[in-house]
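Peer 1: PDB, C-alpha atoms, file protein-v3.pdb:
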```
MODEL        1
ATOM      1  CA  MET A   1    -115.367  -8.784   5.289
ATOM      2  CA  ALA A   2    -113.295 -11.796   4.225
ATOM      3  CA  PRO A   3    -115.381 -14.903   4.874
ATOM      4  CA  PHE A   4    -112.443 -17.344   4.974
ATOM      5  CA  LYS A   5    -109.186 -17.630   6.882
ATOM      6  CA  LYS A   6    -107.373 -18.891   3.801
ATOM      7  CA  HIS A   7    -108.395 -18.946   0.160
ATOM      8  CA  VAL A   8    -106.685 -21.527  -2.013
ATOM      9  CA  PHE A   9    -106.735 -21.435  -5.802
ATOM     10  CA  VAL A  10    -105.749 -24.265  -8.120
ATOM     11  CA  CYS A  11    -105.273 -23.574 -11.808
ATOM     12  CA  THR A  12    -107.280 -26.196 -13.647
ATOM     13  CA  THR A  13    -107.165 -24.606 -17.106
ATOM     14  CA  GLY A  14    -104.485 -23.226 -19.400
ATOM     15  CA  LYS A  15    -102.119 -25.195 -21.621
ATOM     16  CA  THR A  16    -100.416 -27.477 -19.107
ATOM     17  CA  CYS A  17    -101.974 -27.716 -15.618
ATOM     18  CA  PRO A  18    -104.876 -29.979 -16.673
ATOM     19  CA  GLY A  19    -102.429 -32.535 -18.120
ATOM     20  CA  GLN A  20    -100.126 -32.330 -15.090
ATOM     21  CA  GLY A  21    -102.677 -33.527 -12.545
ATOM     22  CA  ALA A  22    -104.285 -30.286 -11.358
ATOM     23  CA  GLU A  23    -107.704 -31.883 -10.888
ATOM     24  CA  GLU A  24    -106.213 -34.601  -8.690
ATOM     25  CA  VAL A  25    -104.546 -31.976  -6.502
ATOM     26  CA  LEU A  26    -107.826 -30.069  -6.281
ATOM     27  CA  SER A  27    -109.713 -33.235  -5.293
ATOM     28  CA  GLU A  28    -107.162 -34.052  -2.643
ATOM     29  CA  LEU A  29    -107.390 -30.531  -1.172
ATOM     30  CA  ARG A  30    -111.190 -30.756  -1.074
ATOM     31  CA  LYS A  31    -111.079 -34.190   0.521
ATOM     32  CA  GLU A  32    -108.787 -32.877   3.271
ATOM     33  CA  MET A  33    -111.125 -29.924   3.962
ATOM     34  CA  MET A  34    -114.105 -32.244   4.156
ATOM     35  CA  GLU A  35    -112.446 -34.785   6.423
ATOM     36  CA  ARG A  36    -111.096 -32.114   8.780
ATOM     37  CA  GLY A  37    -114.341 -30.093   8.916
ATOM     38  CA  LEU A  38    -112.640 -27.022   7.424
ATOM     39  CA  LYS A  39    -115.081 -26.190   4.641
ATOM     40  CA  LYS A  40    -116.342 -23.018   6.321
ATOM     41  CA  VAL A  41    -112.860 -21.845   7.305
ATOM     42  CA  ILE A  42    -110.728 -22.474   4.234
ATOM     43  CA  ARG A  43    -112.054 -22.141   0.703
ATOM     44  CA  ILE A  44    -110.653 -24.207  -2.167
ATOM     45  CA  ASN A  45    -111.420 -22.882  -5.649
ATOM     46  CA  LYS A  46    -110.667 -23.751  -9.211
ATOM     47  CA  ALA A  47    -109.211 -20.847 -11.144
ATOM     48  CA  GLY A  48    -108.239 -19.879 -14.651
ATOM     49  CA  CYS A  49    -104.670 -19.803 -15.948
ATOM     50  CA  PHE A  50    -102.021 -17.992 -13.855
ATOM     51  CA  ASP A  51     -99.805 -17.413 -16.910
ATOM     52  CA  GLN A  52     -96.985 -19.620 -15.581
ATOM     53  CA  CYS A  53     -97.629 -22.575 -17.890
ATOM     54  CA  GLY A  54     -95.295 -25.546 -17.435
ATOM     55  CA  ASN A  55     -94.904 -25.017 -13.682
ATOM     56  CA  GLY A  56     -98.089 -26.679 -12.556
ATOM     57  CA  PRO A  57     -99.974 -28.038 -10.900
ATOM     58  CA  MET A  58     -99.948 -24.609  -9.348
ATOM     59  CA  VAL A  59    -101.585 -23.756  -6.049
ATOM     60  CA  ILE A  60    -101.826 -20.268  -4.527
ATOM     61  CA  VAL A  61    -102.683 -19.551  -0.921
ATOM     62  CA  TYR A  62    -104.181 -16.122  -0.186
ATOM     63  CA  PRO A  63    -104.078 -13.747   1.599
ATOM     64  CA  ASP A  64    -100.578 -15.109   2.322
ATOM     65  CA  ASN A  65     -99.597 -14.673  -1.323
ATOM     66  CA  ILE A  66     -97.692 -17.951  -1.369
ATOM     67  CA  TRP A  67     -97.405 -19.626  -4.763
ATOM     68  CA  TYR A  68     -96.616 -23.329  -5.034
ATOM     69  CA  ALA A  69     -95.366 -25.038  -8.206
ATOM     70  CA  HIS A  70     -95.342 -28.669  -9.359
ATOM     71  CA  VAL A  71     -97.659 -29.716  -6.545
ATOM     72  CA  GLN A  72     -98.461 -33.422  -6.449
ATOM     73  CA  PRO A  73    -101.435 -35.057  -4.720
ATOM     74  CA  GLY A  74     -98.972 -36.515  -2.215
ATOM     75  CA  ASP A  75     -97.915 -32.974  -1.202
ATOM     76  CA  VAL A  76    -101.384 -31.868  -0.211
ATOM     77  CA  LYS A  77    -101.447 -33.207   3.333
ATOM     78  CA  GLU A  78     -98.220 -31.325   4.112
ATOM     79  CA  ILE A  79     -99.604 -28.073   2.664
ATOM     80  CA  VAL A  80    -102.740 -28.479   4.765
ATOM     81  CA  GLU A  81    -101.027 -29.396   8.011
ATOM     82  CA  GLU A  82     -98.015 -27.087   7.804
ATOM     83  CA  HIS A  83     -99.328 -24.077   5.965
ATOM     84  CA  LEU A  84    -103.114 -23.912   6.057
ATOM     85  CA  LEU A  85    -103.417 -24.982   9.675
ATOM     86  CA  ASN A  86    -100.091 -23.804  11.111
ATOM     87  CA  ASP A  87     -99.086 -20.844   8.955
ATOM     88  CA  LYS A  88     -95.757 -22.365   7.983
ATOM     89  CA  PRO A  89     -95.465 -22.363   4.190
ATOM     90  CA  VAL A  90     -93.906 -25.497   2.686
ATOM     91  CA  GLU A  91     -90.601 -24.033   1.505
ATOM     92  CA  ARG A  92     -89.618 -26.878  -0.819
ATOM     93  CA  LEU A  93     -92.723 -26.334  -2.944
ATOM     94  CA  ILE A  94     -92.645 -22.547  -3.184
ATOM     95  CA  TYR A  95     -92.575 -21.254  -6.724
ATOM     96  CA  ASP A  96     -89.300 -19.626  -7.682
ATOM     97  CA  GLU A  97     -89.579 -17.630 -10.889
ATOM     98  CA  ARG A  98     -85.837 -17.985 -11.437
ATOM     99  CA  GLY A  99     -86.409 -21.706 -12.010
ATOM    100  CA  ARG A 100     -89.432 -21.055 -14.171
ATOM    101  CA  ILE A 101     -90.116 -23.458 -16.978
ATOM    102  CA  THR A 102     -91.310 -21.724 -20.105
ATOM    103  CA  VAL A 103     -93.531 -23.598 -22.550
TER     104      VAL A 103
ATOM    105  CA  MET B   1     -92.239 -15.528  -5.819
ATOM    106  CA  ALA B   2     -95.546 -13.816  -6.543
ATOM    107  CA  PRO B   3     -95.534 -12.892 -10.218
ATOM    108  CA  PHE B   4     -98.231 -10.193  -9.983
ATOM    109  CA  LYS B   5     -98.790  -7.041  -7.955
ATOM    110  CA  LYS B   6    -102.480  -7.782  -7.622
ATOM    111  CA  HIS B   7    -104.476 -10.910  -8.366
ATOM    112  CA  VAL B   8    -108.157 -10.411  -9.059
ATOM    113  CA  PHE B   9    -110.698 -13.237  -9.024
ATOM    114  CA  VAL B  10    -114.228 -13.078 -10.396
ATOM    115  CA  CYS B  11    -116.676 -15.842  -9.574
ATOM    116  CA  THR B  12    -118.204 -16.932 -12.861
ATOM    117  CA  THR B  13    -119.847 -20.133 -11.639
ATOM    118  CA  GLY B  14    -122.157 -21.128  -8.794
ATOM    119  CA  LYS B  15    -125.908 -20.601  -8.592
ATOM    120  CA  THR B  16    -126.217 -16.864  -9.073
ATOM    121  CA  CYS B  17    -123.099 -15.003 -10.305
ATOM    122  CA  PRO B  18    -123.416 -16.139 -13.939
ATOM    123  CA  GLY B  19    -126.971 -14.753 -14.110
ATOM    124  CA  GLN B  20    -126.011 -11.518 -12.384
ATOM    125  CA  GLY B  21    -123.516 -10.375 -15.009
ATOM    126  CA  ALA B  22    -120.233 -11.843 -13.764
ATOM    127  CA  GLU B  23    -118.905 -12.465 -17.276
ATOM    128  CA  GLU B  24    -119.547  -8.835 -18.224
ATOM    129  CA  VAL B  25    -117.599  -7.658 -15.173
ATOM    130  CA  LEU B  26    -114.765 -10.039 -16.053
ATOM    131  CA  SER B  27    -114.669  -8.771 -19.639
ATOM    132  CA  GLU B  28    -114.598  -5.181 -18.479
ATOM    133  CA  LEU B  29    -111.706  -5.901 -16.087
ATOM    134  CA  ARG B  30    -109.741  -7.615 -18.854
ATOM    135  CA  LYS B  31    -110.438  -4.776 -21.266
ATOM    136  CA  GLU B  32    -109.089  -2.264 -18.746
ATOM    137  CA  MET B  33    -105.919  -4.333 -18.205
ATOM    138  CA  MET B  34    -105.361  -4.584 -21.951
ATOM    139  CA  GLU B  35    -105.948  -0.898 -22.646
ATOM    140  CA  ARG B  36    -103.693   0.229 -19.788
ATOM    141  CA  GLY B  37    -100.889  -2.251 -20.539
ATOM    142  CA  LEU B  38    -101.282  -3.932 -17.145
ATOM    143  CA  LYS B  39    -101.502  -7.561 -18.218
ATOM    144  CA  LYS B  40     -98.093  -8.456 -16.788
ATOM    145  CA  VAL B  41     -98.678  -6.572 -13.529
ATOM    146  CA  ILE B  42    -102.221  -7.446 -12.532
ATOM    147  CA  ARG B  43    -103.780 -10.844 -13.197
ATOM    148  CA  ILE B  44    -107.514 -11.234 -13.728
ATOM    149  CA  ASN B  45    -108.843 -14.780 -13.291
ATOM    150  CA  LYS B  46    -112.128 -16.581 -13.419
ATOM    151  CA  ALA B  47    -112.780 -18.623 -10.298
ATOM    152  CA  GLY B  48    -115.233 -21.147  -8.929
ATOM    153  CA  CYS B  49    -117.959 -20.330  -6.409
ATOM    154  CA  PHE B  50    -117.025 -18.327  -3.274
ATOM    155  CA  ASP B  51    -119.998 -19.725  -1.344
ATOM    156  CA  GLN B  52    -121.658 -16.301  -1.008
ATOM    157  CA  CYS B  53    -124.385 -16.909  -3.595
ATOM    158  CA  GLY B  54    -126.784 -14.007  -4.132
ATOM    159  CA  ASN B  55    -124.139 -11.345  -3.492
ATOM    160  CA  GLY B  56    -122.545 -11.334  -6.901
ATOM    161  CA  PRO B  57    -121.069 -10.431  -9.168
ATOM    162  CA  MET B  58    -118.305 -10.911  -6.659
ATOM    163  CA  VAL B  59    -114.742  -9.732  -7.169
ATOM    164  CA  ILE B  60    -111.824 -10.404  -4.808
ATOM    165  CA  VAL B  61    -108.532  -8.551  -4.872
ATOM    166  CA  TYR B  62    -105.535 -10.403  -3.422
ATOM    167  CA  PRO B  63    -103.180 -10.174  -1.617
ATOM    168  CA  ASP B  64    -105.201  -7.252  -0.209
ATOM    169  CA  ASN B  65    -108.012  -9.621   0.779
ATOM    170  CA  ILE B  66    -110.687  -7.149  -0.277
ATOM    171  CA  TRP B  67    -114.004  -8.675  -1.293
ATOM    172  CA  TYR B  68    -116.450  -6.721  -3.448
ATOM    173  CA  ALA B  69    -120.134  -7.588  -3.830
ATOM    174  CA  HIS B  70    -122.755  -6.687  -6.445
ATOM    175  CA  VAL B  71    -120.120  -5.321  -8.794
ATOM    176  CA  GLN B  72    -121.474  -3.905 -12.027
ATOM    177  CA  PRO B  73    -119.540  -3.366 -15.263
ATOM    178  CA  GLY B  74    -119.848   0.373 -14.630
ATOM    179  CA  ASP B  75    -117.946  -0.025 -11.338
ATOM    180  CA  VAL B  76    -114.876  -1.567 -12.923
ATOM    181  CA  LYS B  77    -113.083   1.610 -13.936
ATOM    182  CA  GLU B  78    -113.307   2.889 -10.353
ATOM    183  CA  ILE B  79    -111.944  -0.393  -8.944
ATOM    184  CA  VAL B  80    -109.053  -0.244 -11.391
ATOM    185  CA  GLU B  81    -108.188   3.421 -10.879
ATOM    186  CA  GLU B  82    -108.768   3.681  -7.140
ATOM    187  CA  HIS B  83    -107.832   0.260  -5.855
ATOM    188  CA  LEU B  84    -105.686  -1.650  -8.330
ATOM    189  CA  LEU B  85    -103.580   1.331  -9.322
ATOM    190  CA  ASN B  86    -103.743   3.488  -6.184
ATOM    191  CA  ASP B  87    -104.291   1.014  -3.343
ATOM    192  CA  LYS B  88    -107.479   2.704  -2.155
ATOM    193  CA  PRO B  89    -110.235   0.088  -1.951
ATOM    194  CA  VAL B  90    -113.653   1.257  -3.159
ATOM    195  CA  GLU B  91    -115.468   1.371   0.169
ATOM    196  CA  ARG B  92    -119.013   1.512  -1.213
ATOM    197  CA  LEU B  93    -118.567  -1.850  -2.961
ATOM    198  CA  ILE B  94    -116.890  -3.775  -0.154
ATOM    199  CA  TYR B  95    -118.724  -6.921   0.841
ATOM    200  CA  ASP B  96    -120.294  -6.726   4.273
ATOM    201  CA  GLU B  97    -121.384 -10.128   5.526
ATOM    202  CA  ARG B  98    -123.920  -8.472   7.845
ATOM    203  CA  GLY B  99    -125.867  -7.419   4.755
ATOM    204  CA  ARG B 100    -125.418 -10.791   3.142
ATOM    205  CA  ILE B 101    -128.195 -12.021   0.912
ATOM    206  CA  THR B 102    -128.863 -15.732   1.368
ATOM    207  CA  VAL B 103    -130.286 -17.689  -1.542
TER     208      VAL B 103
ENDMDL
END
```
Take the structure I supplied and represent it as structure tokens, if you would.
Peer 2:
Amino acid sequence: MAPFKKHVFVCTTGKTCPGQGAEEVLSELRKEMMERGLKKVIRINKAGCFDQCGNGPMVIVYPDNIWYAHVQPGDVKEIVEEHLLNDKPVERLIYDERGRITV
Amino acid sequence: MAPFKKHVFVCTTGKTCPGQGAEEVLSELRKEMMERGLKKVIRINKAGCFDQCGNGPMVIVYPDNIWYAHVQPGDVKEIVEEHLLNDKPVERLIYDERGRITV
């Protein structure tokens, strides 16, 4: 029924994510999938705005329902190794709505 | 942590979904959210290709991890009322990879 083990969405639209490096994060995620032969197991997708503008680049991992905020390209390897491959979400990057930036 | 009760993704890119009416399905979903005052509870997003071309319009509901195939605008009200509001996935629309169309 669900063709992938994990489904990762990166907001690449909206008011702020594009200017905060969302495309770079997306590229880095795709590069990791390619290099590790994970393209048929984990899907990386662009997505529209998550309505949390100012807190990007934002990355969501489903079906785990883990939202990451302010993700930098340098964080991607940790997300892949800890969370996507070992099911341990990267706590320091998890989005906390209490610290939400509003733009 | 997760700002929405449900997060719905509609593939609006790739080889086939755009020509199969994906934008119409997306519009219908957004119209339903607007009319029912659900915009802050359920998020509807466009997404890139799910790599299941030929089986669209494709709609995924997370965190439930329910994939729907060949969704028509006329199916949207049922998805909203049965699944998004009452947690009963619409069985007849669920994507079955065994019946997958390959393009």
Peer 1: Could you tell me how far atom CA of Gly14 of chain A sits from atom CA of Leu85 of chain B, in Å to one decimal place?
Peer 2: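 So the two atoms, atom CA of Leu85 of chain B and atom CA of Gly14 of chain A, lie 26.6 Å apart.
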Peer 1: Need the shell around Glu81 of chain A: protein/DNA/RNA residues with any atom at most 12 Å away, counting all atoms listed in the file. Skip same-chain ones fewer than 6 positions apart. Format as a PDB file with C-alpha atoms, keeping the file's coordinate frame?
Peer 2:
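New file around-v8.pdb:
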```
ATOM      1  CA  LEU A  29    -107.390 -30.531  -1.172  1.00  0.00           C
ATOM      2  CA  GLU A  32    -108.787 -32.877   3.271  1.00  0.00           C
ATOM      3  CA  MET A  33    -111.125 -29.924   3.962  1.00  0.00           C
ATOM      4  CA  ARG A  36    -111.096 -32.114   8.780  1.00  0.00           C
ATOM      5  CA  LEU A  38    -112.640 -27.022   7.424  1.00  0.00           C
ATOM      6  CA  ASP A  75     -97.915 -32.974  -1.202  1.00  0.00           C
ATOM      7  CA  ASP A  87     -99.086 -20.844   8.955  1.00  0.00           C
ATOM      8  CA  LYS A  88     -95.757 -22.365   7.983  1.00  0.00           C
ATOM      9  CA  PRO A  89     -95.465 -22.363   4.190  1.00  0.00           C
ATOM     10  CA  VAL A  90     -93.906 -25.497   2.686  1.00  0.00           C
TER      11      VAL A  90
END
```
Peer 1: I'm after chain B in the frame of chain A: fit it by least squares over all Cα atoms matched in order, and give me the output as a PDB file with C-alpha atoms, keeping the file's coordinate frame.
Peer 2:
```pdb
ATOM      1  CA  MET B   1    -115.412  -8.810   5.246  1.00  0.00           C
ATOM      2  CA  ALA B   2    -113.311 -11.795   4.211  1.00  0.00           C
ATOM      3  CA  PRO B   3    -115.381 -14.895   4.890  1.00  0.00           C
ATOM      4  CA  PHE B   4    -112.449 -17.346   4.991  1.00  0.00           C
ATOM      5  CA  LYS B   5    -109.184 -17.643   6.892  1.00  0.00           C
ATOM      6  CA  LYS B   6    -107.382 -18.890   3.814  1.00  0.00           C
ATOM      7  CA  HIS B   7    -108.406 -18.946   0.171  1.00  0.00           C
ATOM      8  CA  VAL B   8    -106.694 -21.520  -2.001  1.00  0.00           C
ATOM      9  CA  PHE B   9    -106.744 -21.424  -5.800  1.00  0.00           C
ATOM     10  CA  VAL B  10    -105.748 -24.256  -8.115  1.00  0.00           C
ATOM     11  CA  CYS B  11    -105.276 -23.571 -11.805  1.00  0.00           C
ATOM     12  CA  THR B  12    -107.275 -26.205 -13.647  1.00  0.00           C
ATOM     13  CA  THR B  13    -107.170 -24.622 -17.100  1.00  0.00           C
ATOM     14  CA  GLY B  14    -104.496 -23.236 -19.412  1.00  0.00           C
ATOM     15  CA  LYS B  15    -102.117 -25.209 -21.612  1.00  0.00           C
ATOM     16  CA  THR B  16    -100.416 -27.480 -19.114  1.00  0.00           C
ATOM     17  CA  CYS B  17    -101.975 -27.701 -15.618  1.00  0.00           C
ATOM     18  CA  PRO B  18    -104.874 -29.962 -16.660  1.00  0.00           C
ATOM     19  CA  GLY B  19    -102.425 -32.514 -18.102  1.00  0.00           C
ATOM     20  CA  GLN B  20    -100.127 -32.312 -15.095  1.00  0.00           C
ATOM     21  CA  GLY B  21    -102.674 -33.516 -12.548  1.00  0.00           C
ATOM     22  CA  ALA B  22    -104.282 -30.280 -11.353  1.00  0.00           C
ATOM     23  CA  GLU B  23    -107.706 -31.875 -10.890  1.00  0.00           C
ATOM     24  CA  GLU B  24    -106.204 -34.601  -8.699  1.00  0.00           C
ATOM     25  CA  VAL B  25    -104.545 -31.971  -6.504  1.00  0.00           C
ATOM     26  CA  LEU B  26    -107.834 -30.071  -6.280  1.00  0.00           C
ATOM     27  CA  SER B  27    -109.715 -33.227  -5.294  1.00  0.00           C
ATOM     28  CA  GLU B  28    -107.160 -34.048  -2.641  1.00  0.00           C
ATOM     29  CA  LEU B  29    -107.399 -30.528  -1.173  1.00  0.00           C
ATOM     30  CA  ARG B  30    -111.193 -30.747  -1.063  1.00  0.00           C
ATOM     31  CA  LYS B  31    -111.064 -34.190   0.516  1.00  0.00           C
ATOM     32  CA  GLU B  32    -108.787 -32.876   3.267  1.00  0.00           C
ATOM     33  CA  MET B  33    -111.120 -29.924   3.949  1.00  0.00           C
ATOM     34  CA  MET B  34    -114.114 -32.248   4.151  1.00  0.00           C
ATOM     35  CA  GLU B  35    -112.439 -34.789   6.420  1.00  0.00           C
ATOM     36  CA  ARG B  36    -111.099 -32.122   8.790  1.00  0.00           C
ATOM     37  CA  GLY B  37    -114.332 -30.096   8.922  1.00  0.00           C
ATOM     38  CA  LEU B  38    -112.633 -27.032   7.432  1.00  0.00           C
ATOM     39  CA  LYS B  39    -115.070 -26.204   4.648  1.00  0.00           C
ATOM     40  CA  LYS B  40    -116.330 -23.042   6.346  1.00  0.00           C
ATOM     41  CA  VAL B  41    -112.840 -21.858   7.309  1.00  0.00           C
ATOM     42  CA  ILE B  42    -110.725 -22.486   4.236  1.00  0.00           C
ATOM     43  CA  ARG B  43    -112.060 -22.139   0.699  1.00  0.00           C
ATOM     44  CA  ILE B  44    -110.653 -24.202  -2.155  1.00  0.00           C
ATOM     45  CA  ASN B  45    -111.426 -22.869  -5.642  1.00  0.00           C
ATOM     46  CA  LYS B  46    -110.684 -23.747  -9.209  1.00  0.00           C
ATOM     47  CA  ALA B  47    -109.217 -20.839 -11.140  1.00  0.00           C
ATOM     48  CA  GLY B  48    -108.246 -19.874 -14.659  1.00  0.00           C
ATOM     49  CA  CYS B  49    -104.669 -19.789 -15.943  1.00  0.00           C
ATOM     50  CA  PHE B  50    -102.005 -17.994 -13.847  1.00  0.00           C
ATOM     51  CA  ASP B  51     -99.811 -17.412 -16.908  1.00  0.00           C
ATOM     52  CA  GLN B  52     -96.993 -19.616 -15.568  1.00  0.00           C
ATOM     53  CA  CYS B  53     -97.639 -22.567 -17.886  1.00  0.00           C
ATOM     54  CA  GLY B  54     -95.293 -25.526 -17.433  1.00  0.00           C
ATOM     55  CA  ASN B  55     -94.915 -25.002 -13.681  1.00  0.00           C
ATOM     56  CA  GLY B  56     -98.092 -26.689 -12.575  1.00  0.00           C
ATOM     57  CA  PRO B  57     -99.977 -28.027 -10.904  1.00  0.00           C
ATOM     58  CA  MET B  58     -99.948 -24.599  -9.350  1.00  0.00           C
ATOM     59  CA  VAL B  59    -101.586 -23.751  -6.042  1.00  0.00           C
ATOM     60  CA  ILE B  60    -101.837 -20.264  -4.520  1.00  0.00           C
ATOM     61  CA  VAL B  61    -102.688 -19.546  -0.910  1.00  0.00           C
ATOM     62  CA  TYR B  62    -104.197 -16.122  -0.190  1.00  0.00           C
ATOM     63  CA  PRO B  63    -104.082 -13.745   1.597  1.00  0.00           C
ATOM     64  CA  ASP B  64    -100.589 -15.113   2.325  1.00  0.00           C
ATOM     65  CA  ASN B  65     -99.613 -14.676  -1.328  1.00  0.00           C
ATOM     66  CA  ILE B  66     -97.694 -17.946  -1.377  1.00  0.00           C
ATOM     67  CA  TRP B  67     -97.408 -19.615  -4.767  1.00  0.00           C
ATOM     68  CA  TYR B  68     -96.623 -23.325  -5.034  1.00  0.00           C
ATOM     69  CA  ALA B  69     -95.379 -25.028  -8.199  1.00  0.00           C
ATOM     70  CA  HIS B  70     -95.345 -28.661  -9.350  1.00  0.00           C
ATOM     71  CA  VAL B  71     -97.664 -29.700  -6.545  1.00  0.00           C
ATOM     72  CA  GLN B  72     -98.465 -33.393  -6.450  1.00  0.00           C
ATOM     73  CA  PRO B  73    -101.438 -35.035  -4.727  1.00  0.00           C
ATOM     74  CA  GLY B  74     -98.971 -36.497  -2.227  1.00  0.00           C
ATOM     75  CA  ASP B  75     -97.909 -32.970  -1.207  1.00  0.00           C
ATOM     76  CA  VAL B  76    -101.387 -31.861  -0.212  1.00  0.00           C
ATOM     77  CA  LYS B  77    -101.439 -33.206   3.327  1.00  0.00           C
ATOM     78  CA  GLU B  78     -98.219 -31.320   4.100  1.00  0.00           C
ATOM     79  CA  ILE B  79     -99.610 -28.064   2.658  1.00  0.00           C
ATOM     80  CA  VAL B  80    -102.740 -28.471   4.757  1.00  0.00           C
ATOM     81  CA  GLU B  81    -101.011 -29.402   8.010  1.00  0.00           C
ATOM     82  CA  GLU B  82     -98.006 -27.098   7.799  1.00  0.00           C
ATOM     83  CA  HIS B  83     -99.327 -24.080   5.963  1.00  0.00           C
ATOM     84  CA  LEU B  84    -103.113 -23.904   6.055  1.00  0.00           C
ATOM     85  CA  LEU B  85    -103.414 -24.985   9.667  1.00  0.00           C
ATOM     86  CA  ASN B  86    -100.093 -23.808  11.119  1.00  0.00           C
ATOM     87  CA  ASP B  87     -99.089 -20.847   8.947  1.00  0.00           C
ATOM     88  CA  LYS B  88     -95.747 -22.373   7.978  1.00  0.00           C
ATOM     89  CA  PRO B  89     -95.463 -22.361   4.183  1.00  0.00           C
ATOM     90  CA  VAL B  90     -93.909 -25.495   2.678  1.00  0.00           C
ATOM     91  CA  GLU B  91     -90.608 -24.037   1.511  1.00  0.00           C
ATOM     92  CA  ARG B  92     -89.620 -26.874  -0.827  1.00  0.00           C
ATOM     93  CA  LEU B  93     -92.737 -26.331  -2.958  1.00  0.00           C
ATOM     94  CA  ILE B  94     -92.654 -22.545  -3.200  1.00  0.00           C
ATOM     95  CA  TYR B  95     -92.577 -21.248  -6.745  1.00  0.00           C
ATOM     96  CA  ASP B  96     -89.294 -19.630  -7.684  1.00  0.00           C
ATOM     97  CA  GLU B  97     -89.560 -17.654 -10.902  1.00  0.00           C
ATOM     98  CA  ARG B  98     -85.802 -18.017 -11.447  1.00  0.00           C
ATOM     99  CA  GLY B  99     -86.373 -21.731 -12.023  1.00  0.00           C
ATOM    100  CA  ARG B 100     -89.405 -21.083 -14.160  1.00  0.00           C
ATOM    101  CA  ILE B 101     -90.089 -23.505 -16.964  1.00  0.00           C
ATOM    102  CA  THR B 102     -91.280 -21.751 -20.115  1.00  0.00           C
ATOM    103  CA  VAL B 103     -93.509 -23.648 -22.514  1.00  0.00           C
TER     104      VAL B 103
END
```
Peer 1: Check the smallest atom-to-atom distance from each of B:Phe9, B:Arg98, B:Asp51, B:Val103 to Lys39 of chain A using only C-alpha atoms, then report the winner.
Peer 2: B:Asp51
Peer 1: Could you list, as a ChimeraX atom specification, the residues of chain B having an atom within 6 Å of chain A when counting all atoms listed in the file?
Peer 2: /B:1,45-48,63,65,95-96
Peer 1: Go ahead and compute the interatomic distance for atom CA of Leu84 of chain A and atom CA of Gly56 of chain A, in Å to one decimal.
Peer 2: 19.5 Å
Peer 1: Find the distance between atom CA of Glu82 of chain A and atom CA of Pro18 of chain A and write it in Å to one decimal.
Peer 2: 25.6 Å
Peer 1: Calculated over all atoms listed in the file, which of the candidates A:Leu93, A:Ile79, A:Val8, A:Cys53 has the smallest distance to Gln20 of chain A?
Peer 2: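 Answer, going by the shortest atom-to-atom distance: A:Cys53.
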Peer 1: Draw an axis-aligned box over all listed atoms of segment 5-20 of chain B, pad each side with 5 Å, and write its centre and edge lengths in Å, one decimal, as JSON.
Peer 2:
```
{"center_x": -112.9, "center_y": -14.1, "center_z": -10.9, "size_x": 38.2, "size_y": 24.1, "size_z": 16.5}
```
Peer 1: For the PyMOL selection byres ((chain A and resi 74) around 12), applied here, can you spell out every residue it catches as a list of chain:residue names?
Peer 2: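 With the shown file as input, the PyMOL selection byres ((chain A and resi 74) around 12) matches A:Gly21, A:Glu24, A:Val25, A:Leu26, A:Ser27, A:Glu28, A:Leu29, A:Glu32, A:His70, A:Val71, A:Gln72, A:Pro73, A:Asp75, A:Val76, A:Lys77, A:Glu78, A:Ile79, A:Val80, A:Leu93.
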Peer 1: For the selection just defined, write its residues with C-alpha atoms to a file, as a compact mmCIF listing (two decimals), in the frame of the given file.
Peer 2:
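Contents of out24.txt, as written:
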```
# COMPACT_ATOMS: atom_id res chain seq x y z
CA GLY A 21 -102.68 -33.53 -12.54
CA GLU A 24 -106.21 -34.60 -8.69
CA VAL A 25 -104.55 -31.98 -6.50
CA LEU A 26 -107.83 -30.07 -6.28
CA SER A 27 -109.71 -33.24 -5.29
CA GLU A 28 -107.16 -34.05 -2.64
CA LEU A 29 -107.39 -30.53 -1.17
CA GLU A 32 -108.79 -32.88 3.27
CA HIS A 70 -95.34 -28.67 -9.36
CA VAL A 71 -97.66 -29.72 -6.54
CA GLN A 72 -98.46 -33.42 -6.45
CA PRO A 73 -101.44 -35.06 -4.72
CA ASP A 75 -97.92 -32.97 -1.20
CA VAL A 76 -101.38 -31.87 -0.21
CA LYS A 77 -101.45 -33.21 3.33
CA GLU A 78 -98.22 -31.32 4.11
CA ILE A 79 -99.60 -28.07 2.66
CA VAL A 80 -102.74 -28.48 4.76
CA LEU A 93 -92.72 -26.33 -2.94
```
Peer 1: Which residue out of B:Glu35, B:Gly54, B:Ala22, B:Ala69 has the minimum interatomic distance to Thr102 of chain B when only C-alpha atoms are used?
Peer 2: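 Counting only C-alpha atoms, the residue closest to Thr102 of chain B is B:Gly54.
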